[in-house]
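Quick notes on the structure that follows.
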Amino acid sequence: MQLVIISGRSGSGKSVALQALEDLGFYAIDNLPATLLGALVDELENGHSRRIAVSVDARNLPEALERFPAQLASLKQSPIDCQVVYLTSDARILLERYSHTRRRHPLTRDSDMTLAEAIESEQKALSGIRDLADLVIDSSRMSVHELRSRIAEQVADHRSGQLSLTVESFGFKRGVPPDADIVFDARCLPNPYWEPSLRDANGCDPSVIDFLERYQDVADMKRDILAWVRTWLPRYQQSQRSYLTVAVGCTGGQHRSVYLAEGIASALADQHPRVRLRHRELGQQRRLDSGGL
């Protein structure tokens, strides 16, 4: 049985994620009281539903959220393939979304909280679930279609016992990705941005590749990152992790980090099945199967 628990901040796309899983054949339940997780699994395990998706969020009673870690630990010890997916978004983005839709935040309905206070309170209430999440997805810059695609490829397609590996490029000026497990900093490398002819290009363009491959430091960093990941990846797999995101950042996330992420992901795809490559600042992502294809 595959059980996906969707949680996260209101307005970050939980409903979209749940609907995407339902469209892919999951038995989906929104706003399930956390205390009923065990009973639900027992009930459906005796039936015909083998893929279940539930939403557990701040609409639960506080005591139910407090008991969630113990319930999850129990589920993790069972034969069930259980994943916790936590969706988040920048607070400013959430304020804008609620302003545009004119919907009320769940925590403001029976209280005198402002919207900003409700968003902050919700984040604190869900911190326990966030800390236990197998996968964190930041939907701040995602469209509905991009989020559905991410859920389909990375969550619904997940196989028990198989680690899902993602290599991601990003720009430090917009912050480290919330889903990053391992972060490498490429800001010490020569920057193509200062070449006027390369400023509007990116790390996938031949002109930028030619520029970066002139420098031994660039080759050394790519080699060292690959060596580190190849050495420690088996240990992460042995620890029964479901997801691992290796993030490489530079200042703007356009040149150096993109070039390194491309090379690292292609090299890892030769040994690890179905590596996902994502360029956050370029808004691009794709899957690489064996051979880098």
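Labels used: A, B, ... for chains in the order of the structure tokens, numbers from 1 for residues in each chain, and numbers from 1 for ligands as shown.
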Write out as a PyMOL selection string the residues lying within 10 Å of A:Gln71, counting only C-alpha atoms and excluding same-chain residues fewer than 2 positions away. chain A and resi 34-38+64-69+73-76
Could you save those same residues with all heavy atoms as a CSV table (one decimal), in the first residue's frame?
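Saved file result-v2.csv follows:
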chain,number,residue,atom,x,y,z
A,34,ALA,N,-6.0,13.9,12.1
A,34,ALA,CA,-4.7,13.1,12.2
A,34,ALA,C,-4.9,11.9,13.0
A,34,ALA,O,-4.3,10.8,12.8
A,34,ALA,CB,-3.6,14.0,12.7
A,35,THR,N,-5.8,12.0,14.0
A,35,THR,CA,-6.0,10.8,14.9
A,35,THR,C,-6.6,9.6,14.2
A,35,THR,O,-6.6,8.5,14.7
A,35,THR,CB,-6.9,11.2,16.1
A,35,THR,OG1,-8.1,11.9,15.6
A,35,THR,CG2,-6.1,12.2,17.0
A,36,LEU,N,-7.2,9.9,13.0
A,36,LEU,CA,-7.9,8.8,12.3
A,36,LEU,C,-7.0,8.1,11.2
A,36,LEU,O,-7.5,7.2,10.5
A,36,LEU,CB,-9.1,9.3,11.6
A,36,LEU,CG,-10.2,9.9,12.5
A,36,LEU,CD1,-11.4,10.4,11.7
A,36,LEU,CD2,-10.7,8.8,13.5
A,37,LEU,N,-5.7,8.5,11.2
A,37,LEU,CA,-4.9,7.9,10.1
A,37,LEU,C,-4.8,6.4,10.3
A,37,LEU,O,-4.9,5.7,9.3
A,37,LEU,CB,-3.5,8.5,10.3
A,37,LEU,CG,-3.1,9.7,9.4
A,37,LEU,CD1,-1.8,10.3,9.7
A,37,LEU,CD2,-3.2,9.3,7.9
A,38,GLY,N,-4.5,5.9,11.5
A,38,GLY,CA,-4.4,4.5,11.7
A,38,GLY,C,-5.6,3.7,11.3
A,38,GLY,O,-5.6,2.7,10.6
A,64,ALA,N,-4.3,16.9,18.1
A,64,ALA,CA,-4.1,15.9,17.1
A,64,ALA,C,-2.8,16.1,16.4
A,64,ALA,O,-2.1,15.1,16.0
A,64,ALA,CB,-5.3,16.0,16.1
A,65,LEU,N,-2.4,17.3,16.1
A,65,LEU,CA,-1.1,17.6,15.5
A,65,LEU,C,0.0,17.2,16.4
A,65,LEU,O,1.1,16.7,16.0
A,65,LEU,CB,-1.0,19.1,15.2
A,65,LEU,CG,-2.0,19.6,14.1
A,65,LEU,CD1,-1.8,21.1,13.9
A,65,LEU,CD2,-1.8,18.9,12.8
A,66,GLU,N,-0.2,17.3,17.7
A,66,GLU,CA,0.9,16.9,18.7
A,66,GLU,C,1.1,15.4,18.6
A,66,GLU,O,2.2,14.9,18.9
A,66,GLU,CB,0.5,17.4,20.1
A,66,GLU,CG,0.5,18.9,20.3
A,66,GLU,CD,0.0,19.3,21.7
A,66,GLU,OE1,-0.3,18.4,22.5
A,66,GLU,OE2,-0.1,20.5,21.9
A,67,ARG,N,0.1,14.7,18.4
A,67,ARG,CA,0.2,13.2,18.3
A,67,ARG,C,0.6,12.7,17.0
A,67,ARG,O,0.9,11.5,16.9
A,67,ARG,CB,-1.2,12.6,18.7
A,67,ARG,CG,-1.6,12.8,20.1
A,67,ARG,CD,-3.1,12.4,20.4
A,67,ARG,NE,-3.3,11.0,20.1
A,67,ARG,CZ,-4.5,10.4,20.2
A,67,ARG,NH1,-5.6,11.2,20.5
A,67,ARG,NH2,-4.6,9.2,19.9
A,68,PHE,N,0.7,13.5,16.0
A,68,PHE,CA,1.0,13.1,14.6
A,68,PHE,C,2.4,12.4,14.6
A,68,PHE,O,2.5,11.4,13.9
A,68,PHE,CB,1.0,14.3,13.7
A,68,PHE,CG,1.4,13.9,12.3
A,68,PHE,CD1,0.5,13.3,11.4
A,68,PHE,CD2,2.7,14.1,11.8
A,68,PHE,CE1,0.8,13.0,10.1
A,68,PHE,CE2,3.0,13.8,10.5
A,68,PHE,CZ,2.1,13.2,9.7
A,69,PRO,N,3.5,12.9,15.2
A,69,PRO,CA,4.8,12.3,15.1
A,69,PRO,C,4.8,10.8,15.5
A,69,PRO,O,5.4,9.9,14.9
A,69,PRO,CB,5.7,13.1,15.9
A,69,PRO,CG,5.1,14.5,15.9
A,69,PRO,CD,3.6,14.2,15.9
A,73,ALA,N,5.5,7.5,13.2
A,73,ALA,CA,6.5,6.6,13.5
A,73,ALA,C,5.9,5.1,13.4
A,73,ALA,O,6.6,4.2,12.9
A,73,ALA,CB,7.0,6.8,14.9
A,74,SER,N,4.7,5.0,13.9
A,74,SER,CA,4.0,3.7,13.8
A,74,SER,C,3.8,3.2,12.4
A,74,SER,O,4.0,2.1,12.0
A,74,SER,CB,2.7,3.7,14.6
A,74,SER,OG,2.0,2.5,14.5
A,75,LEU,N,3.3,4.2,11.6
A,75,LEU,CA,3.1,3.8,10.1
A,75,LEU,C,4.4,3.5,9.4
A,75,LEU,O,4.4,2.6,8.6
A,75,LEU,CB,2.4,5.0,9.4
A,75,LEU,CG,1.0,5.3,9.8
A,75,LEU,CD1,0.5,6.6,9.2
A,75,LEU,CD2,0.1,4.2,9.3
A,76,LYS,N,5.5,4.2,9.8
A,76,LYS,CA,6.8,3.9,9.1
A,76,LYS,C,7.3,2.5,9.5
A,76,LYS,O,8.1,2.0,8.7
A,76,LYS,CB,7.8,5.0,9.6
A,76,LYS,CG,7.5,6.4,9.1
A,76,LYS,CD,7.9,6.6,7.6
A,76,LYS,CE,7.9,8.0,7.2
A,76,LYS,NZ,8.3,8.2,5.8
Among stretch 67-205 of chain A, which residues carry a DSSP assignment of alpha helix (DSSP H), reported as JSON, numbers by chain? {"A": [67, 68, 69, 70, 71, 72, 73, 74, 75, 76, 91, 92, 93, 94, 95, 96, 97, 98, 99, 100, 101, 115, 116, 117, 118, 119, 120, 121, 122, 123, 124, 125, 127, 128, 129, 130, 131, 132, 144, 145, 146, 147, 148, 149, 150]}
Grab the atom CA of A:Arg50 to atom CA of A:Gln2 distance for me, in Å with one decimal place. 6.2 Å
Just the number, please: distance in Å from atom CA of A:Gly252 to atom CA of A:Leu147, one decimal. 22.9 Å
Leaving out A:Pro177 and any residue of its chain fewer than 2 positions from it, which residues lie within 8 Å of it when counting only C-alpha atoms, given as JSON, numbers by chain? {"A": [138, 170, 175, 179, 180, 247]}
Which neighbours of stretch 171-173 of chain A fall inside 7 Å, counting only C-alpha atoms, when residues of the same chain fewer than 4 positions from it are skipped, and could you give them as JSON, numbers by chain? {"A": [249, 250, 251, 252, 253, 281]}
Serialized selection, all heavy atoms, as a compact mmCIF listing (two decimals), in the first residue's frame:
# COMPACT_ATOMS: atom_id res chain seq x y z
N GLY A 249 24.43 26.37 -5.87
CA GLY A 249 24.02 27.77 -6.01
C GLY A 249 25.15 28.67 -6.45
O GLY A 249 26.32 28.45 -6.13
N CYS A 250 24.78 29.72 -7.18
CA CYS A 250 25.68 30.82 -7.47
C CYS A 250 24.90 32.10 -7.16
O CYS A 250 23.83 32.04 -6.56
CB CYS A 250 26.20 30.78 -8.90
SG CYS A 250 24.94 30.88 -10.19
N THR A 251 25.40 33.24 -7.56
CA THR A 251 24.75 34.48 -7.16
C THR A 251 23.34 34.60 -7.73
O THR A 251 22.36 34.78 -7.00
CB THR A 251 25.58 35.69 -7.59
OG1 THR A 251 26.91 35.57 -7.07
CG2 THR A 251 24.96 36.99 -7.07
N GLY A 252 23.22 34.47 -9.05
CA GLY A 252 21.92 34.66 -9.69
C GLY A 252 21.24 33.38 -10.12
O GLY A 252 20.08 33.40 -10.53
N GLY A 253 21.94 32.25 -10.07
CA GLY A 253 21.34 30.98 -10.47
C GLY A 253 21.15 30.84 -11.96
O GLY A 253 20.27 30.10 -12.40
N GLU A 281 15.84 29.07 -11.05
CA GLU A 281 15.70 30.43 -11.55
C GLU A 281 15.34 30.48 -13.04
O GLU A 281 14.82 31.48 -13.52
CB GLU A 281 17.00 31.23 -11.30
CG GLU A 281 17.61 31.07 -9.92
CD GLU A 281 16.64 31.33 -8.78
OE1 GLU A 281 15.51 31.81 -8.99
OE2 GLU A 281 17.01 31.03 -7.62
Between A:Ser197, A:Ser207, A:Ser169, A:Asn191, which one has atoms that come closest to A:Ala265, using only C-alpha atoms? A:Ser169
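The protein and nucleic acid residues lying at most 12 Å from A:Met142 are Ser12, Gly13, Val16, Leu87, Thr88, Ser89, Asp90, Ile93, Ile137, Leu147, Arg148, Ser149, Arg150, Ile151, Arg280, Glu281, Leu282, Gly283, Gln284 and Gln285 of chain A, with only C-alpha atoms considered and sequence neighbours fewer than 5 positions away removed.
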For A:Leu3, please output as an MDAnalysis selection string all residues within 6 Å (counting only C-alpha atoms; exclusion window: fewer than 3 positions along the same chain). chainID A and resid 52:53 82
Mind dumping the selected residues with N, CA and C atoms as a JSON list (two decimals), in the first residue's frame?
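result19.json, freshly written:
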[["chain", "number", "residue", "atom", "x", "y", "z"],
["A", 52, "ILE", "N", -3.40, 5.65, -1.40],
["A", 52, "ILE", "CA", -4.21, 6.58, -0.63],
["A", 52, "ILE", "C", -3.47, 7.89, -0.48],
["A", 53, "ALA", "N", -4.18, 8.99, -0.60],
["A", 53, "ALA", "CA", -3.62, 10.32, -0.37],
["A", 53, "ALA", "C", -4.54, 11.07, 0.58],
["A", 82, "CYS", "N", 4.96, 4.86, 3.12],
["A", 82, "CYS", "CA", 4.36, 6.10, 3.60],
["A", 82, "CYS", "C", 5.28, 7.28, 3.32]]
DSSP on the backbone, strand (DSSP E or B) only: what residues of stretch 151-287 of chain A does that give? Format it as a PyMOL selection string. chain A and resi 164-171+182-185+243-250+275-279+284-287
Restricting it to N, CA, C and O atoms, dump the selection as a compact mmCIF listing (two decimals), in the first residue's frame.
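Result file is again09.txt:
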# COMPACT_ATOMS: atom_id res chain seq x y z
N SER A 164 14.71 8.94 -4.50
CA SER A 164 14.49 9.88 -5.60
C SER A 164 15.53 10.99 -5.51
O SER A 164 15.54 11.76 -4.55
N LEU A 165 16.41 11.08 -6.49
CA LEU A 165 17.53 12.02 -6.46
C LEU A 165 17.26 13.21 -7.38
O LEU A 165 16.95 13.03 -8.56
N THR A 166 17.40 14.41 -6.83
CA THR A 166 17.22 15.64 -7.60
C THR A 166 18.49 16.49 -7.50
O THR A 166 19.04 16.65 -6.41
N VAL A 167 18.92 17.01 -8.63
CA VAL A 167 20.02 17.98 -8.66
C VAL A 167 19.41 19.32 -9.07
O VAL A 167 18.73 19.41 -10.11
N GLU A 168 19.63 20.35 -8.27
CA GLU A 168 18.96 21.63 -8.49
C GLU A 168 19.95 22.78 -8.51
O GLU A 168 20.85 22.85 -7.67
N SER A 169 19.79 23.69 -9.46
CA SER A 169 20.57 24.93 -9.47
C SER A 169 19.70 26.05 -8.93
O SER A 169 18.48 26.03 -9.06
N PHE A 170 20.33 27.04 -8.29
CA PHE A 170 19.57 28.15 -7.73
C PHE A 170 20.46 29.36 -7.55
O PHE A 170 21.69 29.27 -7.66
N GLY A 171 19.84 30.50 -7.26
CA GLY A 171 20.57 31.73 -6.99
C GLY A 171 20.47 32.10 -5.52
O GLY A 171 19.37 32.16 -4.96
N ILE A 182 21.46 18.99 0.59
CA ILE A 182 22.90 19.24 0.53
C ILE A 182 23.12 20.44 -0.38
O ILE A 182 22.59 20.48 -1.50
N VAL A 183 23.87 21.42 0.08
CA VAL A 183 24.06 22.67 -0.68
C VAL A 183 25.55 22.90 -0.94
O VAL A 183 26.37 22.85 -0.01
N PHE A 184 25.87 23.17 -2.20
CA PHE A 184 27.22 23.54 -2.60
C PHE A 184 27.20 24.98 -3.14
O PHE A 184 26.27 25.37 -3.84
N ASP A 185 28.24 25.72 -2.81
CA ASP A 185 28.32 27.14 -3.15
C ASP A 185 29.35 27.36 -4.25
O ASP A 185 30.54 27.12 -4.05
N TYR A 243 13.80 10.75 -0.54
CA TYR A 243 14.17 11.84 -1.44
C TYR A 243 15.50 12.45 -0.99
O TYR A 243 15.79 12.53 0.21
N LEU A 244 16.28 12.89 -1.96
CA LEU A 244 17.51 13.62 -1.67
C LEU A 244 17.69 14.68 -2.75
O LEU A 244 17.68 14.37 -3.94
N THR A 245 17.83 15.93 -2.32
CA THR A 245 18.05 17.03 -3.26
C THR A 245 19.43 17.63 -3.04
O THR A 245 19.75 18.10 -1.94
N VAL A 246 20.25 17.59 -4.08
CA VAL A 246 21.58 18.18 -4.07
C VAL A 246 21.48 19.51 -4.81
O VAL A 246 21.17 19.54 -6.01
N ALA A 247 21.70 20.61 -4.11
CA ALA A 247 21.53 21.93 -4.71
C ALA A 247 22.89 22.61 -4.89
O ALA A 247 23.75 22.55 -4.01
N VAL A 248 23.05 23.24 -6.04
CA VAL A 248 24.26 24.00 -6.34
C VAL A 248 23.84 25.44 -6.61
O VAL A 248 23.00 25.70 -7.48
N GLY A 249 24.43 26.37 -5.87
CA GLY A 249 24.02 27.77 -6.01
C GLY A 249 25.15 28.67 -6.45
O GLY A 249 26.32 28.45 -6.13
N CYS A 250 24.78 29.72 -7.18
CA CYS A 250 25.68 30.82 -7.47
C CYS A 250 24.90 32.10 -7.16
O CYS A 250 23.83 32.04 -6.56
N VAL A 275 17.37 10.35 -12.45
CA VAL A 275 17.76 11.57 -11.75
C VAL A 275 16.92 12.73 -12.27
O VAL A 275 16.70 12.86 -13.48
N ARG A 276 16.45 13.57 -11.37
CA ARG A 276 15.69 14.76 -11.77
C ARG A 276 16.60 15.97 -11.71
O ARG A 276 17.33 16.17 -10.74
N LEU A 277 16.54 16.79 -12.76
CA LEU A 277 17.35 18.00 -12.85
C LEU A 277 16.41 19.20 -12.87
O LEU A 277 15.47 19.26 -13.67
N ARG A 278 16.67 20.16 -11.98
CA ARG A 278 15.80 21.33 -11.90
C ARG A 278 16.65 22.59 -11.82
O ARG A 278 17.59 22.68 -11.04
N HIS A 279 16.31 23.58 -12.67
CA HIS A 279 16.95 24.90 -12.63
C HIS A 279 15.90 25.89 -12.11
O HIS A 279 15.02 26.32 -12.86
N GLN A 284 13.02 25.60 -15.24
CA GLN A 284 13.12 24.41 -16.08
C GLN A 284 13.36 23.18 -15.21
O GLN A 284 14.04 23.26 -14.19
N GLN A 285 12.80 22.05 -15.64
CA GLN A 285 13.09 20.78 -14.98
C GLN A 285 12.88 19.65 -15.97
O GLN A 285 12.07 19.75 -16.90
N ARG A 286 13.61 18.58 -15.77
CA ARG A 286 13.47 17.40 -16.62
C ARG A 286 14.02 16.18 -15.90
O ARG A 286 14.74 16.32 -14.91
N ARG A 287 13.69 15.01 -16.40
CA ARG A 287 14.18 13.78 -15.82
C ARG A 287 15.23 13.18 -16.72
O ARG A 287 15.08 13.16 -17.94
Per residue of stretch 147-196 of chain A within 10 Å of stretch 24-31 of chain A, note the shortest atom pair and the distance in Å to one decimal, counting only C-alpha atoms, and order the rows by chain and increasing residue number, as JSON lines.
{"residue": "A:Ala152", "atom": "CA", "partner": "A:Leu24", "partner_atom": "CA", "distance": 7.7}
{"residue": "A:Ala156", "atom": "CA", "partner": "A:Leu24", "partner_atom": "CA", "distance": 7.5}
{"residue": "A:Asp157", "atom": "CA", "partner": "A:Leu24", "partner_atom": "CA", "distance": 9.8}
When distances are computed from only C-alpha atoms, which of A:Gln162, A:Gln154, A:Asn60, A:Ser15 shows the smallest separation from A:Leu32?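 The answer is A:Asn60, which sits nearest to A:Leu32.
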Atomic separation - atom CA of A:Val41 relative to atom CA of A:Ser7, Å: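 Computing it gives 17.4 Å between the two atoms.
Using only C-alpha atoms, the smallest distance between any of A:Leu94, A:Asp131, A:His158, A:Arg256 and A:Ala116 comes from A:Leu94.
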Residue nearest A:His145 - candidates A:Met113, A:Ala17, A:Ala91, A:Val229, atoms counted: only C-alpha atoms: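 Using only C-alpha atoms, A:His145 sits closest to A:Ala17.
Nearest residue to A:Ser239 among A:Leu163, A:Ala227, A:Ile6, A:Ala133 is A:Leu163, counting only C-alpha atoms.
Among A:Val258, A:Arg159, A:Thr231, A:Asp181, the residue with the shortest atom-to-atom distance to A:Val208, counting only C-alpha atoms, is A:Val258.
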